[in-house]
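> Let me begin by handing over the structure; questions about it come next.
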Amino acid sequence: MQIQSQGNNELTITGNIKTIEDGIEIKKALDGLQRSGVKGIQIKIVNSFSITSTVIGHLMKLVNLDQVHISMTVGDRRLYRLLEDLSLVQSFNVRQAG
């Protein structure tokens, strides 16, 4: 898994999100953006079909406690369906890539 920061509020994640280390790396990247003062974060998950529970929990904290607006674009239909099954599409403003 790789994370690229683009602009001052956008993260692009490529590769599958599956390990504890992946979750920690994403959490650090999100926290860095939040510390810089952004109130909206755009996340592009290019090709992962899964996401760890720690990442979901951290995103929920950002949205519900810290009032950070999350917009997420996912490239894999399976990840979209997972987020849909967890009723997180609206909370994270998820849409499918092209």
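Chain identifiers are assigned as A, B, and so on, following the order in which chains appear in the structure tokens; residues are numbered from 1 within each chain, and ligands are numbered from 1 in order of appearance.
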With a distance cut-off of 7 Å and only C-alpha atoms, select the neighbouring residues of Gly40 of chain A, excluding the residue or stretch itself and same-chain residues fewer than 2 positions from it, and output the selection as a PyMOL selection string.
chain A and resi 9+38+42+68-70
> Take the residues that were just selected and, keeping C-alpha atoms, output them as a PDB file, in the first residue's frame.

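Result written to again_7.pdb:
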ATOM      1  CA  ASN A   9      -6.280  18.177   1.652  1.00  0.00           C
ATOM      2  CA  VAL A  38      -8.110  21.527   6.965  1.00  0.00           C
ATOM      3  CA  GLN A  42     -10.594  14.057   0.000  1.00  0.00           C
ATOM      4  CA  VAL A  68     -13.996  17.090   9.441  1.00  0.00           C
ATOM      5  CA  HIS A  69     -15.819  16.650   6.124  1.00  0.00           C
ATOM      6  CA  ILE A  70     -14.669  13.468   4.359  1.00  0.00           C
TER       7      ILE A  70
END
> Leaving out Gly37 of chain A and any residue of its chain fewer than 5 positions from it, which residues lie within 12 Å of it when counting only C-alpha atoms, given as a ChimeraX atom specification?
/A:8-9,30-32,66-68
> Counting only C-alpha atoms, what is within 12 Å of Arg77 of chain A, bar same-chain residues fewer than 3 positions away, as a list of chain:residue names?
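Final neighbour list, sorted by chain and number: A:Ile45, A:Val46, A:Asn47, A:Ser48, A:Phe49, A:Ser50, A:Thr73, A:Val74, A:Tyr80, A:Arg81, A:Leu82, A:Leu83, A:Glu84, A:Val94, A:Arg95, A:Gln96, A:Ala97, A:Gly98.
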> From a DSSP calculation on the backbone, collect every residue of chain A in alpha helix (DSSP H) and output the set as a VMD selection string.
chain A and resid 20 to 35 53 to 64 77 to 85
> For His58 of chain A, which of A:Lys28, A:Asn16, A:Ser5, A:Ser71 is the closest residue, counting only C-alpha atoms?
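For His58 of chain A, the nearest of the candidates is A:Lys28.
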> Hey, what's within 9 Å of Gln2 of chain A if we count only C-alpha atoms and toss same-chain stuff fewer than 6 positions away? As a ChimeraX atom specification, please?
/A:12-16,22
> For Gln4 of chain A, which residue among A:Thr52, A:Gly23, A:Ser36, A:Lys44 is the nearest when counting only C-alpha atoms?
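The shortest atom-to-atom distance to Gln4 of chain A comes from A:Lys44.
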> Run DSSP on the backbone and tell me which residues of chain A come out as strand (DSSP E or B); list them as a PDB file with all heavy atoms, in the first residue's frame.

ATOM      1  N   GLN A   2       0.455   2.244  -0.772  1.00  0.00           N
ATOM      2  CA  GLN A   2       1.178   3.513  -0.828  1.00  0.00           C
ATOM      3  C   GLN A   2       0.192   4.660  -0.655  1.00  0.00           C
ATOM      4  O   GLN A   2      -0.946   4.589  -1.135  1.00  0.00           O
ATOM      5  CB  GLN A   2       1.899   3.685  -2.159  1.00  0.00           C
ATOM      6  CG  GLN A   2       3.045   2.721  -2.365  1.00  0.00           C
ATOM      7  CD  GLN A   2       3.725   2.969  -3.701  1.00  0.00           C
ATOM      8  OE1 GLN A   2       3.098   3.423  -4.655  1.00  0.00           O
ATOM      9  NE2 GLN A   2       5.009   2.687  -3.760  1.00  0.00           N
ATOM     10  N   ILE A   3       0.652   5.703   0.026  1.00  0.00           N
ATOM     11  CA  ILE A   3      -0.161   6.911   0.210  1.00  0.00           C
ATOM     12  C   ILE A   3       0.583   8.079  -0.412  1.00  0.00           C
ATOM     13  O   ILE A   3       1.768   8.285  -0.140  1.00  0.00           O
ATOM     14  CB  ILE A   3      -0.393   7.219   1.708  1.00  0.00           C
ATOM     15  CG1 ILE A   3      -1.090   6.061   2.394  1.00  0.00           C
ATOM     16  CG2 ILE A   3      -1.201   8.500   1.865  1.00  0.00           C
ATOM     17  CD1 ILE A   3      -1.235   6.245   3.887  1.00  0.00           C
ATOM     18  N   GLN A   4      -0.136   8.827  -1.232  1.00  0.00           N
ATOM     19  CA  GLN A   4       0.428  10.049  -1.803  1.00  0.00           C
ATOM     20  C   GLN A   4      -0.451  11.211  -1.364  1.00  0.00           C
ATOM     21  O   GLN A   4      -1.674  11.129  -1.439  1.00  0.00           O
ATOM     22  CB  GLN A   4       0.453   9.982  -3.323  1.00  0.00           C
ATOM     23  CG  GLN A   4       1.419   8.969  -3.873  1.00  0.00           C
ATOM     24  CD  GLN A   4       1.354   8.928  -5.397  1.00  0.00           C
ATOM     25  OE1 GLN A   4       0.281   9.028  -5.981  1.00  0.00           O
ATOM     26  NE2 GLN A   4       2.507   8.782  -6.020  1.00  0.00           N
ATOM     27  N   SER A   5       0.209  12.261  -0.903  1.00  0.00           N
ATOM     28  CA  SER A   5      -0.513  13.473  -0.523  1.00  0.00           C
ATOM     29  C   SER A   5      -0.501  14.397  -1.725  1.00  0.00           C
ATOM     30  O   SER A   5       0.542  14.612  -2.340  1.00  0.00           O
ATOM     31  CB  SER A   5       0.185  14.120   0.669  1.00  0.00           C
ATOM     32  OG  SER A   5      -0.544  15.229   1.092  1.00  0.00           O
ATOM     33  N   GLN A   6      -1.685  14.912  -2.078  1.00  0.00           N
ATOM     34  CA  GLN A   6      -1.787  15.822  -3.213  1.00  0.00           C
ATOM     35  C   GLN A   6      -2.508  17.072  -2.742  1.00  0.00           C
ATOM     36  O   GLN A   6      -3.602  16.983  -2.175  1.00  0.00           O
ATOM     37  CB  GLN A   6      -2.536  15.154  -4.362  1.00  0.00           C
ATOM     38  CG  GLN A   6      -1.811  13.920  -4.860  1.00  0.00           C
ATOM     39  CD  GLN A   6      -2.606  13.164  -5.914  1.00  0.00           C
ATOM     40  OE1 GLN A   6      -3.822  13.184  -5.923  1.00  0.00           O
ATOM     41  NE2 GLN A   6      -1.888  12.491  -6.789  1.00  0.00           N
ATOM     42  N   GLU A  10      -5.763  16.307   0.155  1.00  0.00           N
ATOM     43  CA  GLU A  10      -6.117  15.114  -0.597  1.00  0.00           C
ATOM     44  C   GLU A  10      -5.087  14.006  -0.415  1.00  0.00           C
ATOM     45  O   GLU A  10      -3.883  14.245  -0.482  1.00  0.00           O
ATOM     46  CB  GLU A  10      -6.226  15.466  -2.084  1.00  0.00           C
ATOM     47  CG  GLU A  10      -6.774  14.350  -2.927  1.00  0.00           C
ATOM     48  CD  GLU A  10      -6.983  14.797  -4.367  1.00  0.00           C
ATOM     49  OE1 GLU A  10      -7.591  15.847  -4.584  1.00  0.00           O
ATOM     50  OE2 GLU A  10      -6.527  14.058  -5.259  1.00  0.00           O
ATOM     51  N   LEU A  11      -5.602  12.793  -0.183  1.00  0.00           N
ATOM     52  CA  LEU A  11      -4.761  11.600  -0.092  1.00  0.00           C
ATOM     53  C   LEU A  11      -5.185  10.617  -1.171  1.00  0.00           C
ATOM     54  O   LEU A  11      -6.379  10.394  -1.375  1.00  0.00           O
ATOM     55  CB  LEU A  11      -4.918  10.914   1.267  1.00  0.00           C
ATOM     56  CG  LEU A  11      -4.472  11.661   2.508  1.00  0.00           C
ATOM     57  CD1 LEU A  11      -4.769  10.817   3.748  1.00  0.00           C
ATOM     58  CD2 LEU A  11      -2.994  11.996   2.445  1.00  0.00           C
ATOM     59  N   THR A  12      -4.209  10.034  -1.847  1.00  0.00           N
ATOM     60  CA  THR A  12      -4.470   8.972  -2.807  1.00  0.00           C
ATOM     61  C   THR A  12      -3.798   7.714  -2.293  1.00  0.00           C
ATOM     62  O   THR A  12      -2.596   7.706  -2.026  1.00  0.00           O
ATOM     63  CB  THR A  12      -3.936   9.339  -4.211  1.00  0.00           C
ATOM     64  OG1 THR A  12      -4.576  10.532  -4.647  1.00  0.00           O
ATOM     65  CG2 THR A  12      -4.206   8.220  -5.206  1.00  0.00           C
ATOM     66  N   ILE A  13      -4.602   6.661  -2.141  1.00  0.00           N
ATOM     67  CA  ILE A  13      -4.105   5.399  -1.602  1.00  0.00           C
ATOM     68  C   ILE A  13      -4.175   4.348  -2.696  1.00  0.00           C
ATOM     69  O   ILE A  13      -5.244   4.117  -3.275  1.00  0.00           O
ATOM     70  CB  ILE A  13      -4.947   4.963  -0.384  1.00  0.00           C
ATOM     71  CG1 ILE A  13      -4.902   6.044   0.697  1.00  0.00           C
ATOM     72  CG2 ILE A  13      -4.468   3.618   0.151  1.00  0.00           C
ATOM     73  CD1 ILE A  13      -5.905   5.858   1.816  1.00  0.00           C
ATOM     74  N   THR A  14      -3.036   3.731  -2.989  1.00  0.00           N
ATOM     75  CA  THR A  14      -2.991   2.651  -3.969  1.00  0.00           C
ATOM     76  C   THR A  14      -2.536   1.374  -3.270  1.00  0.00           C
ATOM     77  O   THR A  14      -1.802   1.418  -2.296  1.00  0.00           O
ATOM     78  CB  THR A  14      -2.038   2.969  -5.139  1.00  0.00           C
ATOM     79  OG1 THR A  14      -0.758   3.313  -4.624  1.00  0.00           O
ATOM     80  CG2 THR A  14      -2.561   4.108  -5.988  1.00  0.00           C
ATOM     81  N   GLY A  40     -11.819  19.723   5.524  1.00  0.00           N
ATOM     82  CA  GLY A  40     -12.337  18.780   4.544  1.00  0.00           C
ATOM     83  C   GLY A  40     -11.186  17.984   3.952  1.00  0.00           C
ATOM     84  O   GLY A  40     -10.158  18.559   3.586  1.00  0.00           O
ATOM     85  N   ILE A  41     -11.350  16.668   3.890  1.00  0.00           N
ATOM     86  CA  ILE A  41     -10.302  15.793   3.358  1.00  0.00           C
ATOM     87  C   ILE A  41     -10.894  14.938   2.250  1.00  0.00           C
ATOM     88  O   ILE A  41     -11.945  14.331   2.427  1.00  0.00           O
ATOM     89  CB  ILE A  41      -9.710  14.890   4.462  1.00  0.00           C
ATOM     90  CG1 ILE A  41      -9.062  15.742   5.560  1.00  0.00           C
ATOM     91  CG2 ILE A  41      -8.695  13.913   3.859  1.00  0.00           C
ATOM     92  CD1 ILE A  41      -8.580  14.937   6.768  1.00  0.00           C
ATOM     93  N   GLN A  42     -10.198  14.908   1.112  1.00  0.00           N
ATOM     94  CA  GLN A  42     -10.594  14.057   0.000  1.00  0.00           C
ATOM     95  C   GLN A  42      -9.682  12.840  -0.011  1.00  0.00           C
ATOM     96  O   GLN A  42      -8.461  12.983  -0.001  1.00  0.00           O
ATOM     97  CB  GLN A  42     -10.482  14.802  -1.323  1.00  0.00           C
ATOM     98  CG  GLN A  42     -11.418  15.972  -1.437  1.00  0.00           C
ATOM     99  CD  GLN A  42     -11.265  16.701  -2.755  1.00  0.00           C
ATOM    100  OE1 GLN A  42     -10.554  16.261  -3.646  1.00  0.00           O
ATOM    101  NE2 GLN A  42     -11.936  17.826  -2.874  1.00  0.00           N
ATOM    102  N   ILE A  43     -10.298  11.665  -0.044  1.00  0.00           N
ATOM    103  CA  ILE A  43      -9.535  10.421  -0.035  1.00  0.00           C
ATOM    104  C   ILE A  43      -9.881   9.639  -1.290  1.00  0.00           C
ATOM    105  O   ILE A  43     -11.053   9.383  -1.554  1.00  0.00           O
ATOM    106  CB  ILE A  43      -9.866   9.574   1.206  1.00  0.00           C
ATOM    107  CG1 ILE A  43      -9.615  10.369   2.481  1.00  0.00           C
ATOM    108  CG2 ILE A  43      -9.062   8.273   1.195  1.00  0.00           C
ATOM    109  CD1 ILE A  43     -10.203   9.732   3.727  1.00  0.00           C
ATOM    110  N   LYS A  44      -8.861   9.284  -2.066  1.00  0.00           N
ATOM    111  CA  LYS A  44      -9.057   8.447  -3.246  1.00  0.00           C
ATOM    112  C   LYS A  44      -8.423   7.086  -2.954  1.00  0.00           C
ATOM    113  O   LYS A  44      -7.217   7.004  -2.718  1.00  0.00           O
ATOM    114  CB  LYS A  44      -8.400   9.064  -4.476  1.00  0.00           C
ATOM    115  CG  LYS A  44      -9.066  10.344  -4.926  1.00  0.00           C
ATOM    116  CD  LYS A  44      -8.397  10.891  -6.164  1.00  0.00           C
ATOM    117  CE  LYS A  44      -9.046  12.202  -6.570  1.00  0.00           C
ATOM    118  NZ  LYS A  44      -8.389  12.802  -7.733  1.00  0.00           N
ATOM    119  N   ILE A  45      -9.242   6.067  -2.932  1.00  0.00           N
ATOM    120  CA  ILE A  45      -8.749   4.703  -2.737  1.00  0.00           C
ATOM    121  C   ILE A  45      -8.836   4.035  -4.100  1.00  0.00           C
ATOM    122  O   ILE A  45      -9.921   3.638  -4.544  1.00  0.00           O
ATOM    123  CB  ILE A  45      -9.561   3.955  -1.663  1.00  0.00           C
ATOM    124  CG1 ILE A  45      -9.507   4.740  -0.347  1.00  0.00           C
ATOM    125  CG2 ILE A  45      -9.025   2.541  -1.493  1.00  0.00           C
ATOM    126  CD1 ILE A  45     -10.342   4.145   0.772  1.00  0.00           C
ATOM    127  N   HIS A  69     -15.025  17.152   7.252  1.00  0.00           N
ATOM    128  CA  HIS A  69     -15.819  16.650   6.124  1.00  0.00           C
ATOM    129  C   HIS A  69     -14.943  15.699   5.298  1.00  0.00           C
ATOM    130  O   HIS A  69     -13.869  16.084   4.840  1.00  0.00           O
ATOM    131  CB  HIS A  69     -16.305  17.810   5.261  1.00  0.00           C
ATOM    132  CG  HIS A  69     -17.102  17.376   4.075  1.00  0.00           C
ATOM    133  ND1 HIS A  69     -18.419  17.018   4.171  1.00  0.00           N
ATOM    134  CD2 HIS A  69     -16.753  17.238   2.778  1.00  0.00           C
ATOM    135  CE1 HIS A  69     -18.863  16.671   2.977  1.00  0.00           C
ATOM    136  NE2 HIS A  69     -17.864  16.794   2.117  1.00  0.00           N
ATOM    137  N   ILE A  70     -15.398  14.474   5.134  1.00  0.00           N
ATOM    138  CA  ILE A  70     -14.669  13.468   4.359  1.00  0.00           C
ATOM    139  C   ILE A  70     -15.395  13.250   3.039  1.00  0.00           C
ATOM    140  O   ILE A  70     -16.612  13.085   3.010  1.00  0.00           O
ATOM    141  CB  ILE A  70     -14.589  12.118   5.114  1.00  0.00           C
ATOM    142  CG1 ILE A  70     -13.876  12.269   6.458  1.00  0.00           C
ATOM    143  CG2 ILE A  70     -13.925  11.036   4.263  1.00  0.00           C
ATOM    144  CD1 ILE A  70     -12.410  12.578   6.384  1.00  0.00           C
ATOM    145  N   SER A  71     -14.644  13.235   1.947  1.00  0.00           N
ATOM    146  CA  SER A  71     -15.154  12.840   0.633  1.00  0.00           C
ATOM    147  C   SER A  71     -14.260  11.708   0.154  1.00  0.00           C
ATOM    148  O   SER A  71     -13.035  11.862   0.117  1.00  0.00           O
ATOM    149  CB  SER A  71     -15.086  13.984  -0.369  1.00  0.00           C
ATOM    150  OG  SER A  71     -15.958  15.009   0.007  1.00  0.00           O
ATOM    151  N   MET A  72     -14.864  10.585  -0.189  1.00  0.00           N
ATOM    152  CA  MET A  72     -14.090   9.407  -0.552  1.00  0.00           C
ATOM    153  C   MET A  72     -14.503   8.905  -1.936  1.00  0.00           C
ATOM    154  O   MET A  72     -15.688   8.782  -2.231  1.00  0.00           O
ATOM    155  CB  MET A  72     -14.320   8.307   0.490  1.00  0.00           C
ATOM    156  CG  MET A  72     -13.464   7.086   0.308  1.00  0.00           C
ATOM    157  SD  MET A  72     -13.833   5.804   1.547  1.00  0.00           S
ATOM    158  CE  MET A  72     -13.301   6.606   3.051  1.00  0.00           C
ATOM    159  N   THR A  73     -13.511   8.634  -2.766  1.00  0.00           N
ATOM    160  CA  THR A  73     -13.743   8.020  -4.063  1.00  0.00           C
ATOM    161  C   THR A  73     -13.060   6.663  -4.051  1.00  0.00           C
ATOM    162  O   THR A  73     -11.876   6.565  -3.710  1.00  0.00           O
ATOM    163  CB  THR A  73     -13.150   8.888  -5.200  1.00  0.00           C
ATOM    164  OG1 THR A  73     -13.702  10.198  -5.122  1.00  0.00           O
ATOM    165  CG2 THR A  73     -13.440   8.284  -6.562  1.00  0.00           C
ATOM    166  N   VAL A  74     -13.826   5.622  -4.366  1.00  0.00           N
ATOM    167  CA  VAL A  74     -13.255   4.267  -4.362  1.00  0.00           C
ATOM    168  C   VAL A  74     -13.308   3.687  -5.774  1.00  0.00           C
ATOM    169  O   VAL A  74     -14.267   3.892  -6.514  1.00  0.00           O
ATOM    170  CB  VAL A  74     -13.975   3.334  -3.360  1.00  0.00           C
ATOM    171  CG1 VAL A  74     -13.799   3.842  -1.944  1.00  0.00           C
ATOM    172  CG2 VAL A  74     -15.436   3.179  -3.677  1.00  0.00           C
ATOM    173  N   VAL A  94     -19.141   8.784   0.003  1.00  0.00           N
ATOM    174  CA  VAL A  94     -18.441   7.836  -0.881  1.00  0.00           C
ATOM    175  C   VAL A  94     -19.089   7.826  -2.255  1.00  0.00           C
ATOM    176  O   VAL A  94     -20.310   7.812  -2.388  1.00  0.00           O
ATOM    177  CB  VAL A  94     -18.467   6.409  -0.293  1.00  0.00           C
ATOM    178  CG1 VAL A  94     -17.703   5.444  -1.193  1.00  0.00           C
ATOM    179  CG2 VAL A  94     -17.910   6.381   1.120  1.00  0.00           C
ATOM    180  N   ARG A  95     -18.243   7.803  -3.251  1.00  0.00           N
ATOM    181  CA  ARG A  95     -18.716   7.597  -4.618  1.00  0.00           C
ATOM    182  C   ARG A  95     -17.747   6.670  -5.325  1.00  0.00           C
ATOM    183  O   ARG A  95     -16.584   6.542  -4.927  1.00  0.00           O
ATOM    184  CB  ARG A  95     -18.866   8.923  -5.362  1.00  0.00           C
ATOM    185  CG  ARG A  95     -17.565   9.628  -5.574  1.00  0.00           C
ATOM    186  CD  ARG A  95     -17.746  10.865  -6.442  1.00  0.00           C
ATOM    187  NE  ARG A  95     -16.415  11.264  -6.840  1.00  0.00           N
ATOM    188  CZ  ARG A  95     -15.980  12.490  -6.847  1.00  0.00           C
ATOM    189  NH1 ARG A  95     -16.780  13.474  -6.508  1.00  0.00           N
ATOM    190  NH2 ARG A  95     -14.755  12.787  -7.222  1.00  0.00           N
ATOM    191  N   GLN A  96     -18.250   6.027  -6.356  1.00  0.00           N
ATOM    192  CA  GLN A  96     -17.413   5.123  -7.131  1.00  0.00           C
ATOM    193  C   GLN A  96     -16.697   5.891  -8.229  1.00  0.00           C
ATOM    194  O   GLN A  96     -17.283   6.782  -8.853  1.00  0.00           O
ATOM    195  CB  GLN A  96     -18.251   4.019  -7.772  1.00  0.00           C
ATOM    196  CG  GLN A  96     -18.418   2.842  -6.857  1.00  0.00           C
ATOM    197  CD  GLN A  96     -18.955   1.659  -7.612  1.00  0.00           C
ATOM    198  OE1 GLN A  96     -20.152   1.485  -7.658  1.00  0.00           O
ATOM    199  NE2 GLN A  96     -18.072   0.890  -8.197  1.00  0.00           N
TER     200      GLN A  96
END
